[in-house]
file coords_14.cif (mmCIF, C-alpha atoms)
data_upload
#
loop_
_atom_site.label_atom_id
_atom_site.label_comp_id
_atom_site.auth_asym_id
_atom_site.auth_seq_id
_atom_site.Cartn_x
_atom_site.Cartn_y
_atom_site.Cartn_z
CA MET T 594 16.57 14.26 -9.42
CA ASN T 595 13.12 12.96 -10.34
CA ILE T 596 10.59 11.56 -7.87
CA LEU T 597 11.42 7.90 -8.64
CA ASP T 598 15.14 8.46 -7.95
CA TRP T 599 14.23 10.19 -4.73
CA LEU T 600 11.95 7.34 -3.63
CA THR T 601 14.66 4.80 -4.55
CA LYS T 602 17.16 6.68 -2.41
CA ILE T 603 14.81 6.75 0.59
CA SER T 604 13.98 3.04 0.16
CA GLN T 605 17.63 2.01 -0.11
CA SER T 606 18.56 3.99 2.98
CA THR T 607 16.42 1.56 5.00
CA MET T 608 17.66 -1.65 3.38
CA PRO T 609 18.76 -4.43 5.77
CA ALA T 610 22.24 -4.42 4.16
CA ASN T 611 22.75 -0.86 5.39
CA GLY T 612 22.20 -1.87 9.03
CA PHE T 613 18.42 -1.91 8.93
CA HIS T 614 16.44 0.76 10.65
CA ALA T 615 13.25 2.22 9.25
CA HIS T 616 13.95 5.85 8.40
CA TRP T 617 11.11 8.09 9.65
CA LEU T 618 10.74 9.62 6.19
CA TYR T 619 10.34 6.16 4.68
CA ILE T 620 7.50 5.33 7.13
CA VAL T 621 5.81 8.68 6.46
CA CYS T 622 6.11 8.07 2.71
CA ALA T 623 4.65 4.54 3.00
CA VAL T 624 1.54 5.76 4.83
CA PHE T 625 0.90 9.37 3.78
CA VAL T 626 2.31 9.78 0.26
CA PRO T 627 -0.17 7.25 -1.26
CA ALA T 628 -3.01 9.00 0.60
CA ILE T 629 -1.94 12.43 -0.71
CA ILE T 630 -1.47 11.19 -4.30
CA GLY T 631 -4.82 9.35 -4.17
CA ALA T 632 -6.58 12.52 -3.00
CA LEU T 633 -4.81 14.72 -5.57
CA ILE T 634 -5.73 12.41 -8.45
CA THR T 635 -9.38 12.31 -7.33
CA TYR T 636 -9.63 16.09 -7.03
CA ALA T 637 -7.86 16.50 -10.41
CA ILE T 638 -10.46 14.20 -12.05
CA MET T 639 -13.30 16.09 -10.37
CA PHE T 640 -11.81 19.40 -11.52
CA LEU T 641 -11.51 18.13 -15.13
CA GLU T 642 -15.12 16.92 -14.99
CA ARG T 643 -16.20 20.42 -14.01
CA VAL T 644 -14.07 22.12 -16.68
CA PHE T 645 -15.21 19.83 -19.52
CA LYS T 646 -18.77 19.52 -18.12
CA ILE T 647 -18.70 15.70 -18.19
CA HIS T 648 -19.54 13.24 -15.46
CA ILE T 649 -17.94 9.82 -15.22
CA GLY T 650 -20.65 7.25 -14.46
CA GLY T 651 -23.44 9.63 -15.54
CA HIS T 652 -25.82 11.62 -13.31
CA MET L 840 11.70 -0.42 -22.83
CA PHE L 841 9.56 1.01 -19.99
CA ASN L 842 11.40 -1.18 -17.52
CA LEU L 843 11.33 -0.03 -13.94
CA TYR L 844 13.67 -1.24 -11.22
CA LEU L 845 12.09 -1.81 -7.81
CA PRO L 846 14.74 -1.07 -5.15
CA VAL L 847 13.26 -3.06 -2.25
CA ALA L 848 11.85 -5.98 -4.25
CA HIS L 849 15.08 -6.17 -6.34
CA VAL L 850 13.23 -6.91 -9.56
CA SER L 851 12.62 -5.04 -12.81
CA VAL L 852 9.05 -4.76 -14.03
CA ASN L 853 7.35 -3.47 -17.15
CA LEU L 854 5.75 -0.12 -16.34
CA LEU L 855 2.95 -0.50 -18.90
CA TRP L 856 1.86 -3.84 -17.43
CA MET L 857 1.94 -2.29 -13.97
CA LEU L 858 -0.27 0.60 -15.10
CA CYS L 859 -2.85 -1.80 -16.64
CA PHE L 860 -2.82 -4.00 -13.54
CA GLY L 861 -3.24 -0.97 -11.25
CA PHE L 862 -6.20 0.33 -13.25
CA ILE L 863 -8.10 -2.99 -13.03
CA VAL L 864 -7.44 -3.44 -9.32
CA GLY L 865 -8.35 0.18 -8.52
CA GLY L 866 -11.55 0.00 -10.56
CA MET L 867 -12.62 -3.12 -8.71
CA ALA L 868 -11.87 -1.63 -5.30
CA GLY L 869 -13.85 1.54 -6.01
CA PHE L 870 -16.84 -0.35 -7.41
CA PHE L 871 -17.18 -3.16 -4.85
CA GLY L 872 -15.84 -1.64 -1.65
CA VAL L 873 -13.20 -4.32 -1.21
CA GLY L 874 -9.54 -3.42 -0.88
CA GLY L 875 -8.33 -5.87 -3.49
CA GLY L 876 -5.43 -7.17 -1.40
CA PHE L 877 -6.56 -10.72 -2.20
CA LEU L 878 -5.72 -10.00 -5.85
CA ILE L 879 -2.82 -7.52 -5.60
CA THR L 880 -0.57 -9.56 -3.30
CA PRO L 881 -0.61 -12.92 -5.15
CA MET L 882 -0.45 -11.18 -8.56
CA LEU L 883 2.57 -9.07 -7.58
CA ASN L 884 4.24 -12.21 -6.34
CA ALA L 885 3.28 -14.56 -9.17
CA ILE L 886 3.41 -12.25 -12.22
CA PHE L 887 5.96 -9.59 -11.29
CA GLY L 888 8.18 -11.73 -9.04
CA VAL L 889 7.93 -9.42 -6.03
CA PRO L 890 8.92 -11.29 -2.79
CA TYR L 891 5.88 -12.10 -0.64
CA PRO L 892 6.53 -9.80 2.39
CA VAL L 893 7.26 -6.84 0.05
CA ALA L 894 4.14 -7.68 -1.98
CA VAL L 895 2.00 -7.62 1.19
CA GLY L 896 3.55 -4.39 2.55
CA SER L 897 3.40 -2.59 -0.78
CA SER L 898 -0.18 -3.65 -1.46
CA LEU L 899 -1.24 -2.28 1.96
CA SER L 900 0.49 1.03 1.22
CA LEU L 901 -1.15 1.08 -2.21
CA LEU L 902 -4.54 0.38 -0.61
CA VAL L 903 -4.19 3.56 1.44
CA GLY L 904 -4.07 5.57 -1.81
CA ILE L 905 -6.84 3.59 -3.52
CA THR L 906 -9.21 3.83 -0.55
CA VAL L 907 -8.57 7.58 -0.11
CA ALA L 908 -9.36 8.16 -3.80
CA SER L 909 -12.55 6.08 -3.80
CA THR L 910 -13.66 7.33 -0.36
CA ILE L 911 -13.55 10.95 -1.61
CA ARG L 912 -15.58 9.94 -4.65
CA HIS L 913 -18.14 7.92 -2.67
CA SER L 914 -18.40 10.78 -0.19
CA LYS L 915 -19.42 13.10 -3.02
CA TYR L 916 -22.39 10.80 -3.77
CA GLY L 917 -23.34 10.50 -0.08
CA ASN L 918 -22.43 6.80 -0.07
CA ILE L 919 -20.55 6.87 3.24
CA ASP L 920 -21.99 6.60 6.72
CA TYR L 921 -19.04 8.10 8.65
CA LYS L 922 -20.62 7.54 12.06
CA LEU L 923 -21.21 3.85 11.35
CA GLY L 924 -17.76 3.56 9.76
CA LEU L 925 -16.02 4.96 12.84
CA VAL L 926 -17.96 2.70 15.26
CA MET L 927 -17.09 -0.27 13.05
CA VAL L 928 -13.40 0.75 12.95
CA ILE L 929 -13.17 0.58 16.77
CA GLY L 930 -14.67 -2.93 16.79
CA THR L 931 -12.65 -4.25 13.86
CA SER L 932 -9.36 -2.86 15.27
CA ILE L 933 -9.84 -4.76 18.53
CA GLY L 934 -10.94 -7.81 16.54
CA VAL L 935 -7.94 -7.73 14.16
CA ASP L 936 -5.60 -7.59 17.14
CA ALA L 937 -7.41 -10.49 18.85
CA GLY L 938 -7.34 -12.51 15.61
CA ALA L 939 -3.62 -11.91 15.10
CA LYS L 940 -2.92 -12.89 18.75
CA LEU L 941 -4.97 -16.07 18.35
CA LEU L 942 -3.03 -16.89 15.20
CA SER L 943 0.36 -16.46 16.89
CA LEU L 944 -0.89 -18.55 19.84
CA ILE L 945 -1.82 -21.42 17.52
CA LYS L 946 1.50 -21.01 15.67
CA GLY L 947 3.29 -21.27 19.02
CA LEU L 948 1.38 -24.46 19.86
CA GLN L 949 2.29 -25.88 16.48
CA LYS L 950 5.98 -25.34 17.19
CA ILE L 951 5.67 -27.22 20.50
CA LEU L 952 4.04 -30.22 18.81
CA PRO L 953 6.45 -32.69 17.17
CA PRO L 954 6.48 -32.60 13.34
CA ALA L 955 4.14 -35.18 11.78
CA GLY L 956 5.78 -38.06 9.88
CA GLY L 957 9.33 -36.84 10.47
CA HIS L 958 8.91 -33.68 8.38
CA HIS L 959 7.18 -30.44 9.24
CA ILE L 960 3.75 -29.83 7.70
CA ASP L 961 2.31 -26.34 8.03
CA VAL L 962 -1.15 -27.50 9.03
CA LEU L 963 -2.17 -23.99 10.05
CA GLU L 964 -1.64 -22.56 6.56
CA ILE L 965 -3.70 -25.36 5.03
CA VAL L 966 -6.49 -24.98 7.61
CA LEU L 967 -6.58 -21.19 7.11
CA SER L 968 -6.71 -21.49 3.32
CA ILE L 969 -9.50 -24.09 3.49
CA SER L 970 -11.48 -21.95 5.99
CA TYR L 971 -11.08 -18.96 3.68
CA ILE L 972 -12.24 -20.98 0.66
CA VAL L 973 -15.28 -22.38 2.53
CA MET L 974 -16.26 -19.03 4.07
CA LEU L 975 -15.89 -17.03 0.86
CA SER L 976 -17.74 -19.70 -1.16
CA LEU L 977 -20.65 -19.58 1.30
CA ILE L 978 -20.73 -15.76 1.25
CA GLY L 979 -20.46 -15.70 -2.56
CA PHE L 980 -23.15 -18.35 -3.03
CA SER L 981 -25.63 -16.73 -0.60
CA ILE L 982 -25.19 -13.28 -2.16
CA PHE L 983 -25.47 -14.72 -5.68
CA LYS L 984 -28.73 -16.52 -4.79
CA GLU L 985 -30.22 -13.47 -3.05
CA SER L 986 -29.28 -10.94 -5.75
CA LEU L 987 -30.58 -13.23 -8.52
CA LYS L 988 -33.90 -13.57 -6.66
CA THR L 989 -34.13 -9.77 -6.17
CA MET L 990 -33.32 -9.12 -9.84
CA LYS L 991 -36.00 -11.59 -10.99
CA MET L 992 -38.55 -10.13 -8.58
CA THR L 993 -37.80 -6.56 -9.72
CA LYS L 994 -38.28 -7.56 -13.36
CA SER L 995 -41.52 -9.49 -12.77
CA ILE L 996 -43.22 -6.65 -10.87
CA SER L 997 -44.91 -4.14 -13.15
CA THR L 998 -43.08 -0.87 -13.65
CA GLY L 999 -44.01 2.11 -11.54
CA ALA L 1000 -44.27 0.20 -8.29
CA ASN L 1001 -41.83 1.47 -5.68
CA ILE L 1002 -40.21 -1.74 -4.43
CA SER L 1003 -37.06 -2.21 -2.39
CA THR L 1004 -34.07 -3.79 -4.12
CA GLU L 1005 -32.30 -4.35 -0.81
CA PRO L 1006 -32.29 -7.84 0.77
CA GLU L 1007 -34.79 -8.62 3.50
CA ALA L 1008 -33.34 -9.60 6.87
CA SER L 1009 -33.82 -13.14 8.18
CA GLU L 1010 -35.54 -13.74 11.54
CA SER L 1011 -32.26 -14.28 13.40
CA VAL L 1012 -30.79 -11.05 12.00
CA LYS L 1013 -33.99 -9.18 12.96
CA LYS L 1014 -33.58 -10.50 16.53
CA ILE L 1015 -29.94 -9.28 16.63
CA ARG L 1016 -30.97 -5.84 15.38
CA ALA L 1017 -33.82 -5.69 17.91
CA LEU L 1018 -31.49 -6.13 20.92
CA ARG L 1019 -31.91 -3.02 23.06
CA ILE L 1020 -28.73 -2.82 25.11
CA LYS L 1021 -27.92 0.83 25.78
CA PRO L 1022 -26.51 3.03 24.27
CA ILE L 1023 -28.80 2.92 21.25
CA ILE L 1024 -27.47 4.87 18.29
CA ARG L 1025 -29.13 6.16 15.10
CA PHE L 1026 -27.49 6.03 11.66
CA PRO L 1027 -29.59 8.33 9.44
CA ALA L 1028 -27.19 8.01 6.47
CA SER L 1029 -27.86 4.24 6.41
CA GLY L 1030 -31.55 4.60 7.25
CA ILE L 1031 -31.10 2.76 10.58
CA SER L 1032 -33.49 4.25 13.13
CA GLY L 1033 -31.86 2.74 16.20
CA ILE L 1034 -29.45 -0.09 16.98
CA SER L 1035 -27.38 -0.97 20.01
CA VAL L 1036 -23.74 0.16 19.79
CA TRP L 1037 -22.80 -3.22 21.26
CA VAL L 1038 -24.44 -5.03 18.36
CA ILE L 1039 -22.38 -2.99 15.85
CA MET L 1040 -19.20 -3.41 17.92
CA GLY L 1041 -19.83 -7.15 18.31
CA ILE L 1042 -20.28 -7.66 14.56
CA ALA L 1043 -17.25 -5.47 13.84
CA PHE L 1044 -15.20 -7.44 16.37
CA VAL L 1045 -16.09 -10.77 14.72
CA VAL L 1046 -15.33 -9.33 11.24
CA GLY L 1047 -12.00 -7.94 12.50
CA MET L 1048 -11.08 -11.17 14.23
CA MET L 1049 -11.71 -13.18 11.07
CA SER L 1050 -9.59 -10.67 9.11
CA GLY L 1051 -6.74 -10.81 11.61
CA PHE L 1052 -6.87 -14.57 11.88
CA MET L 1053 -7.03 -15.23 8.16
CA GLY L 1054 -4.71 -12.37 7.19
CA ILE L 1055 -7.17 -10.76 4.79
CA GLY L 1056 -8.14 -7.12 4.38
CA GLY L 1057 -11.68 -7.54 5.60
CA GLY L 1058 -13.66 -5.92 2.77
CA PHE L 1059 -14.97 -9.30 1.67
CA ILE L 1060 -16.50 -9.87 5.10
CA LEU L 1061 -17.26 -6.25 6.05
CA MET L 1062 -19.26 -5.34 2.95
CA PRO L 1063 -21.74 -8.30 3.19
CA ALA L 1064 -21.93 -7.88 7.00
CA LEU L 1065 -22.97 -4.23 6.56
CA ILE L 1066 -25.70 -5.20 4.08
CA TYR L 1067 -27.06 -8.45 5.50
CA ILE L 1068 -26.58 -8.07 9.26
CA ILE L 1069 -26.65 -4.35 9.98
CA GLY L 1070 -29.09 -3.49 7.17
CA CYS L 1071 -27.14 -0.86 5.21
CA PRO L 1072 -28.20 -0.06 1.63
CA THR L 1073 -25.67 -1.65 -0.80
CA VAL L 1074 -24.17 1.61 -2.08
CA VAL L 1075 -23.68 2.91 1.49
CA ALA L 1076 -22.14 -0.44 2.47
CA VAL L 1077 -19.61 -0.12 -0.40
CA GLY L 1078 -18.58 3.43 0.61
CA THR L 1079 -18.53 2.71 4.36
CA SER L 1080 -16.53 -0.49 3.82
CA LEU L 1081 -13.88 1.46 1.87
CA PHE L 1082 -13.77 4.07 4.63
CA GLY L 1083 -13.11 1.29 7.16
CA ILE L 1084 -10.45 -0.39 5.00
CA LEU L 1085 -8.59 2.94 4.82
CA PHE L 1086 -7.73 2.69 8.54
CA THR L 1087 -6.83 -1.00 8.39
CA ALA L 1088 -4.58 -0.44 5.35
CA ALA L 1089 -2.87 2.59 6.94
CA TYR L 1090 -2.11 0.62 10.09
CA GLY L 1091 -0.85 -2.32 8.00
CA ALA L 1092 1.34 -0.06 5.83
CA PHE L 1093 2.82 1.47 8.99
CA THR L 1094 3.61 -1.97 10.48
CA TYR L 1095 5.20 -3.30 7.29
CA SER L 1096 7.18 -0.10 6.67
CA LEU L 1097 8.79 -0.55 10.11
CA GLN L 1098 10.24 -3.79 8.73
CA GLY L 1099 11.29 -2.16 5.43
CA ASP L 1100 8.83 -4.22 3.39
CA VAL L 1101 7.20 -1.38 1.41
CA ASP L 1102 8.60 -0.68 -2.05
CA LEU L 1103 7.80 3.00 -2.59
CA VAL L 1104 8.67 2.94 -6.31
CA LEU L 1105 6.28 0.02 -6.80
CA VAL L 1106 3.53 1.73 -4.79
CA ILE L 1107 3.75 5.07 -6.60
CA SER L 1108 3.92 3.53 -10.09
CA LEU L 1109 0.86 1.36 -9.36
CA LEU L 1110 -1.01 4.10 -7.56
CA ILE L 1111 -1.26 6.51 -10.50
CA SER L 1112 -3.43 4.19 -12.58
CA SER L 1113 -5.19 2.47 -9.67
CA ALA L 1114 -6.37 5.80 -8.18
CA ILE L 1115 -7.86 6.76 -11.56
CA GLY L 1116 -9.44 3.29 -11.78
CA SER L 1117 -10.89 3.54 -8.28
CA VAL L 1118 -12.48 6.95 -8.96
CA ILE L 1119 -14.09 5.57 -12.14
CA GLY L 1120 -15.20 2.38 -10.31
CA ALA L 1121 -16.72 4.40 -7.47
CA SER L 1122 -18.61 6.56 -9.99
CA PHE L 1123 -20.44 3.52 -11.34
CA THR L 1124 -21.55 1.91 -8.04
CA ARG L 1125 -24.76 3.95 -7.61
CA LYS L 1126 -25.58 3.76 -11.31
CA ALA L 1127 -25.25 -0.04 -11.35
CA GLY L 1128 -27.73 -0.41 -8.47
CA GLY L 1129 -27.77 -2.67 -5.40
CA PRO L 1130 -28.65 -6.07 -6.92
CA ASN L 1131 -26.14 -5.72 -9.78
CA VAL L 1132 -23.35 -4.69 -7.39
CA ARG L 1133 -24.16 -7.66 -5.11
CA MET L 1134 -24.33 -10.08 -8.06
CA LEU L 1135 -20.94 -8.96 -9.44
CA PHE L 1136 -19.50 -9.00 -5.91
CA SER L 1137 -20.46 -12.67 -5.54
CA LEU L 1138 -18.67 -13.46 -8.82
CA ILE L 1139 -15.53 -11.65 -7.60
CA ALA L 1140 -15.74 -13.68 -4.37
CA PHE L 1141 -15.61 -16.86 -6.51
CA VAL L 1142 -12.52 -15.48 -8.32
CA ALA L 1143 -10.89 -14.97 -4.91
CA VAL L 1144 -11.77 -18.57 -3.99
CA VAL L 1145 -10.10 -19.84 -7.18
CA ILE L 1146 -6.95 -17.75 -6.49
CA VAL L 1147 -6.65 -19.06 -2.92
CA ALA L 1148 -7.32 -22.64 -4.11
CA ILE L 1149 -4.57 -22.37 -6.76
CA LYS L 1150 -2.17 -20.93 -4.17
CA LEU L 1151 -2.99 -23.78 -1.78
CA GLY L 1152 -2.52 -26.34 -4.55
CA ILE L 1153 0.92 -24.91 -5.43
CA THR L 1154 1.94 -24.92 -1.74
CA LEU L 1155 0.91 -28.58 -1.36
CA LEU L 1156 2.66 -29.62 -4.59
CA HIS L 1157 5.93 -28.02 -3.47
CA ARG L 1158 6.06 -30.06 -0.27
#
call {"tool": "encode", "arguments": {"input": "coords_14.cif", "output": "structure tokens"}}
result
Amino acid sequence: MNILDWLTKISQSTMPANGFHAHWLYIVCAVFVPAIIGALITYAIMFLERVFKIHIGGH
Amino acid sequence: MFNLYLPVAHVSVNLLWMLCFGFIVGGMAGFFGVGGGFLITPMLNAIFGVPYPVAVGSSLSLLVGITVASTIRHSKYGNIDYKLGLVMVIGTSIGVDAGAKLLSLIKGLQKILPPAGGHHIDVLEIVLSISYIVMLSLIGFSIFKESLKTMKMTKSISTGANISTEPEASESVKKIRALRIKPIIRFPASGISGISVWVIMGIAFVVGMMSGFMGIGGGFILMPALIYIIGCPTVVAVGTSLFGILFTAAYGAFTYSLQGDVDLVLVISLLISSAIGSVIGASFTRKAGGPNVRMLFSLIAFVAVVIVAIKLGITLLHR
């Protein structure tokens, strides 16, 4: 199962049609997953800058 | 091809368009220190057909990722005054709550009043939109005028002279800053030698209240307030504003997720390109320099005014 399928499953488990209640994992995903992905992407870019000795935006 | 089904919004979107959109929005957020909710929410609704509550909830969740990415980048350049940011967060949080309460109070009053002319007119929505247009136009126009003046002055002065490119405070702002109500706090990262905590909290409260009342992220008010009232250098104002928005967005994402209005598939697909965009945007803030950032910010404020005006026009036409 890829990440999109997994996210779809979590989202659908909280749908109003299924007797709505916000699943704790859904709330955690809505707040913390974007923060973690945002941080990972930033550190990945900074790592690539160091490896290739480039600097986005110049020094 | 590249179609993606959004399980909460119940619509299919083109992934490539989403990636392009995310990159632009993220770049703007990182560069200007505004969240970009003013652009993300109506665009998701108008272009991609995402229902309004899901668009709001998902954009807040997305903003958490964008602000984390650009905050880390700005932090690397020393563009964030964490101490000031945290004091501001306390004030804005109380203000947002007060603004939201005031809004629901007025909404309650509106329900009590009989509908005008036999049919219900949402006067509040119209008043809020007009206030937003007027306020943002005034902010945009003042910043445009000031940054243009600074740019002209910088060019006319012979090279080599060490002149400030930051705006000079007006007499009334100087009086506010000079208030000595204890405790007095120093903000070395912003170059502020001493200012009353109550002054900061008061400004933050007003900014938060306007955000809560008008239902906007706050970056558009917070960033100019940090520069023109508190006296932050522009690049520090951009970084600190993003740091503040991070908390507001996280709280908003939490509230909306309780109602099931966050589409995680939408958020993650937009986040990949917008986080890259925000890191690149944040990298160019210091290079562009204060007056250029402020000038471009004023132009973006005018874009926001146009978007809100169009939205208001559509609402009025559909009545």
call {"tool": "atom_distance", "arguments": {"input": "coords_14.cif", "atom1": "atom CA of L:Lys1126", "atom2": "atom CA of L:Asn918"}}
result
12.1 Å
call {"tool": "resolve_selection", "arguments": {"input": "coords_14.cif", "expression": "the PyMOL selection byres ((chain L and resi 1017) around 12)", "output": "list in words"}}
result
Ala1008, Glu1010, Ser1011, Val1012, Lys1013, Lys1014, Ile1015, Arg1016, Leu1018, Arg1019, Ile1020, Lys1021, Ile1023, Ile1031, Ser1032, Gly1033, Ile1034, Ser1035, Val1036, Trp1037, Val1038, Ile1039, Ile1068, Ile1069 and Gly1070 of chain L
call {"tool": "closest_residue", "arguments": {"input": "coords_14.cif", "among": "L:Ile905, L:Ala1143, L:Cys859, L:Leu944", "to": "chain T", "atoms": "all atoms listed in the file"}}
result
L:Ile905
call {"tool": "residues_near_point", "arguments": {"input": "coords_14.cif", "point": "(-18.1, -18.5, -2.5)", "cutoff": "12 Å", "atoms": "only C-alpha atoms", "output": "number ranges by chain"}}
result
L: 969-984, 1059-1060, 1134, 1136-1148
call {"tool": "interface_residues", "arguments": {"input": "coords_14.cif", "of": "chain L", "to": "chain T", "cutoff": "6 Å", "atoms": "only C-alpha atoms", "output": "number ranges by chain"}}
result
L: 846, 900, 903-904, 907-908, 1089, 1092, 1096-1097, 1114, 1122-1123
call {"tool": "write_last_selection", "arguments": {"input": "coords_14.cif", "atoms": "C-alpha atoms", "output": "PDB file, in the coordinates of the input"}}
result
ATOM      1  CA  PRO L 846      14.740  -1.070  -5.150  1.00  0.00           C
ATOM      2  CA  SER L 900       0.490   1.030   1.220  1.00  0.00           C
ATOM      3  CA  VAL L 903      -4.190   3.560   1.440  1.00  0.00           C
ATOM      4  CA  GLY L 904      -4.070   5.570  -1.810  1.00  0.00           C
ATOM      5  CA  VAL L 907      -8.570   7.580  -0.110  1.00  0.00           C
ATOM      6  CA  ALA L 908      -9.360   8.160  -3.800  1.00  0.00           C
ATOM      7  CA  ALA L1089      -2.870   2.590   6.940  1.00  0.00           C
ATOM      8  CA  ALA L1092       1.340  -0.060   5.830  1.00  0.00           C
ATOM      9  CA  SER L1096       7.180  -0.100   6.670  1.00  0.00           C
ATOM     10  CA  LEU L1097       8.790  -0.550  10.110  1.00  0.00           C
ATOM     11  CA  ALA L1114      -6.370   5.800  -8.180  1.00  0.00           C
ATOM     12  CA  SER L1122     -18.610   6.560  -9.990  1.00  0.00           C
ATOM     13  CA  PHE L1123     -20.440   3.520 -11.340  1.00  0.00           C
TER      14      PHE L1123
END
call {"tool": "resolve_selection", "arguments": {"input": "coords_14.cif", "expression": "the PyMOL selection byres ((chain L and resi 882-888) around 10)", "output": "PDB file with C-alpha atoms, keeping the file's coordinate frame"}}
result
ATOM      1  CA  ALA L 848      11.850  -5.980  -4.250  1.00  0.00           C
ATOM      2  CA  HIS L 849      15.080  -6.170  -6.340  1.00  0.00           C
ATOM      3  CA  VAL L 850      13.230  -6.910  -9.560  1.00  0.00           C
ATOM      4  CA  SER L 851      12.620  -5.040 -12.810  1.00  0.00           C
ATOM      5  CA  VAL L 852       9.050  -4.760 -14.030  1.00  0.00           C
ATOM      6  CA  ASN L 853       7.350  -3.470 -17.150  1.00  0.00           C
ATOM      7  CA  TRP L 856       1.860  -3.840 -17.430  1.00  0.00           C
ATOM      8  CA  MET L 857       1.940  -2.290 -13.970  1.00  0.00           C
ATOM      9  CA  PHE L 860      -2.820  -4.000 -13.540  1.00  0.00           C
ATOM     10  CA  GLY L 876      -5.430  -7.170  -1.400  1.00  0.00           C
ATOM     11  CA  PHE L 877      -6.560 -10.720  -2.200  1.00  0.00           C
ATOM     12  CA  LEU L 878      -5.720 -10.000  -5.850  1.00  0.00           C
ATOM     13  CA  ILE L 879      -2.820  -7.520  -5.600  1.00  0.00           C
ATOM     14  CA  THR L 880      -0.570  -9.560  -3.300  1.00  0.00           C
ATOM     15  CA  PRO L 881      -0.610 -12.920  -5.150  1.00  0.00           C
ATOM     16  CA  VAL L 889       7.930  -9.420  -6.030  1.00  0.00           C
ATOM     17  CA  PRO L 890       8.920 -11.290  -2.790  1.00  0.00           C
ATOM     18  CA  TYR L 891       5.880 -12.100  -0.640  1.00  0.00           C
ATOM     19  CA  PRO L 892       6.530  -9.800   2.390  1.00  0.00           C
ATOM     20  CA  VAL L 893       7.260  -6.840   0.050  1.00  0.00           C
ATOM     21  CA  ALA L 894       4.140  -7.680  -1.980  1.00  0.00           C
ATOM     22  CA  VAL L 895       2.000  -7.620   1.190  1.00  0.00           C
ATOM     23  CA  SER L 897       3.400  -2.590  -0.780  1.00  0.00           C
ATOM     24  CA  SER L 898      -0.180  -3.650  -1.460  1.00  0.00           C
ATOM     25  CA  LEU L1105       6.280   0.020  -6.800  1.00  0.00           C
ATOM     26  CA  ILE L1146      -6.950 -17.750  -6.490  1.00  0.00           C
ATOM     27  CA  LYS L1150      -2.170 -20.930  -4.170  1.00  0.00           C
TER      28      LYS L1150
END
call {"tool": "resolve_selection", "arguments": {"input": "coords_14.cif", "expression": "the PyMOL selection byres ((chain L and resi 1128) around 12)", "output": "list in words"}}
result
Phe870, Phe871, Ser986, Thr989, Met990, Thr993, Ser1003, Thr1004, Glu1005, Pro1072, Thr1073, Val1074, Val1075, Val1077, Ser1122, Phe1123, Thr1124, Arg1125, Lys1126, Ala1127, Gly1129, Pro1130, Asn1131, Val1132, Arg1133, Met1134 and Leu1135 of chain L
call {"tool": "write_last_selection", "arguments": {"input": "coords_14.cif", "atoms": "C-alpha atoms", "output": "mmCIF file, in the frame of the given file"}}
result
data_model
loop_
_atom_site.group_PDB
_atom_site.id
_atom_site.type_symbol
_atom_site.label_atom_id
_atom_site.label_comp_id
_atom_site.auth_asym_id
_atom_site.auth_seq_id
_atom_site.Cartn_x
_atom_site.Cartn_y
_atom_site.Cartn_z
ATOM 1 C CA PHE L 870 -16.840 -0.350 -7.410
ATOM 2 C CA PHE L 871 -17.180 -3.160 -4.850
ATOM 3 C CA SER L 986 -29.280 -10.940 -5.750
ATOM 4 C CA THR L 989 -34.130 -9.770 -6.170
ATOM 5 C CA MET L 990 -33.320 -9.120 -9.840
ATOM 6 C CA THR L 993 -37.800 -6.560 -9.720
ATOM 7 C CA SER L 1003 -37.060 -2.210 -2.390
ATOM 8 C CA THR L 1004 -34.070 -3.790 -4.120
ATOM 9 C CA GLU L 1005 -32.300 -4.350 -0.810
ATOM 10 C CA PRO L 1072 -28.200 -0.060 1.630
ATOM 11 C CA THR L 1073 -25.670 -1.650 -0.800
ATOM 12 C CA VAL L 1074 -24.170 1.610 -2.080
ATOM 13 C CA VAL L 1075 -23.680 2.910 1.490
ATOM 14 C CA VAL L 1077 -19.610 -0.120 -0.400
ATOM 15 C CA SER L 1122 -18.610 6.560 -9.990
ATOM 16 C CA PHE L 1123 -20.440 3.520 -11.340
ATOM 17 C CA THR L 1124 -21.550 1.910 -8.040
ATOM 18 C CA ARG L 1125 -24.760 3.950 -7.610
ATOM 19 C CA LYS L 1126 -25.580 3.760 -11.310
ATOM 20 C CA ALA L 1127 -25.250 -0.040 -11.350
ATOM 21 C CA GLY L 1129 -27.770 -2.670 -5.400
ATOM 22 C CA PRO L 1130 -28.650 -6.070 -6.920
ATOM 23 C CA ASN L 1131 -26.140 -5.720 -9.780
ATOM 24 C CA VAL L 1132 -23.350 -4.690 -7.390
ATOM 25 C CA ARG L 1133 -24.160 -7.660 -5.110
ATOM 26 C CA MET L 1134 -24.330 -10.080 -8.060
ATOM 27 C CA LEU L 1135 -20.940 -8.960 -9.440
#
call {"tool": "atom_distance", "arguments": {"input": "coords_14.cif", "atom1": "atom CA of L:Ile929", "atom2": "atom CA of L:Phe1044"}}
result
8.3 Å
call {"tool": "residues_around", "arguments": {"input": "coords_14.cif", "residues": "L:Phe1052", "least_positions_apart": "2", "cutoff": "8 Å", "atoms": "all atoms listed in the file", "output": "tab-separated table (two decimals) with C-alpha atoms, in the frame of the given file"}}
result
chain	number	residue	atom	x	y	z
L	935	VAL	CA	-7.94	-7.73	14.16
L	938	GLY	CA	-7.34	-12.51	15.61
L	939	ALA	CA	-3.62	-11.91	15.10
L	941	LEU	CA	-4.97	-16.07	18.35
L	942	LEU	CA	-3.03	-16.89	15.20
L	1048	MET	CA	-11.08	-11.17	14.23
L	1049	MET	CA	-11.71	-13.18	11.07
L	1050	SER	CA	-9.59	-10.67	9.11
L	1054	GLY	CA	-4.71	-12.37	7.19
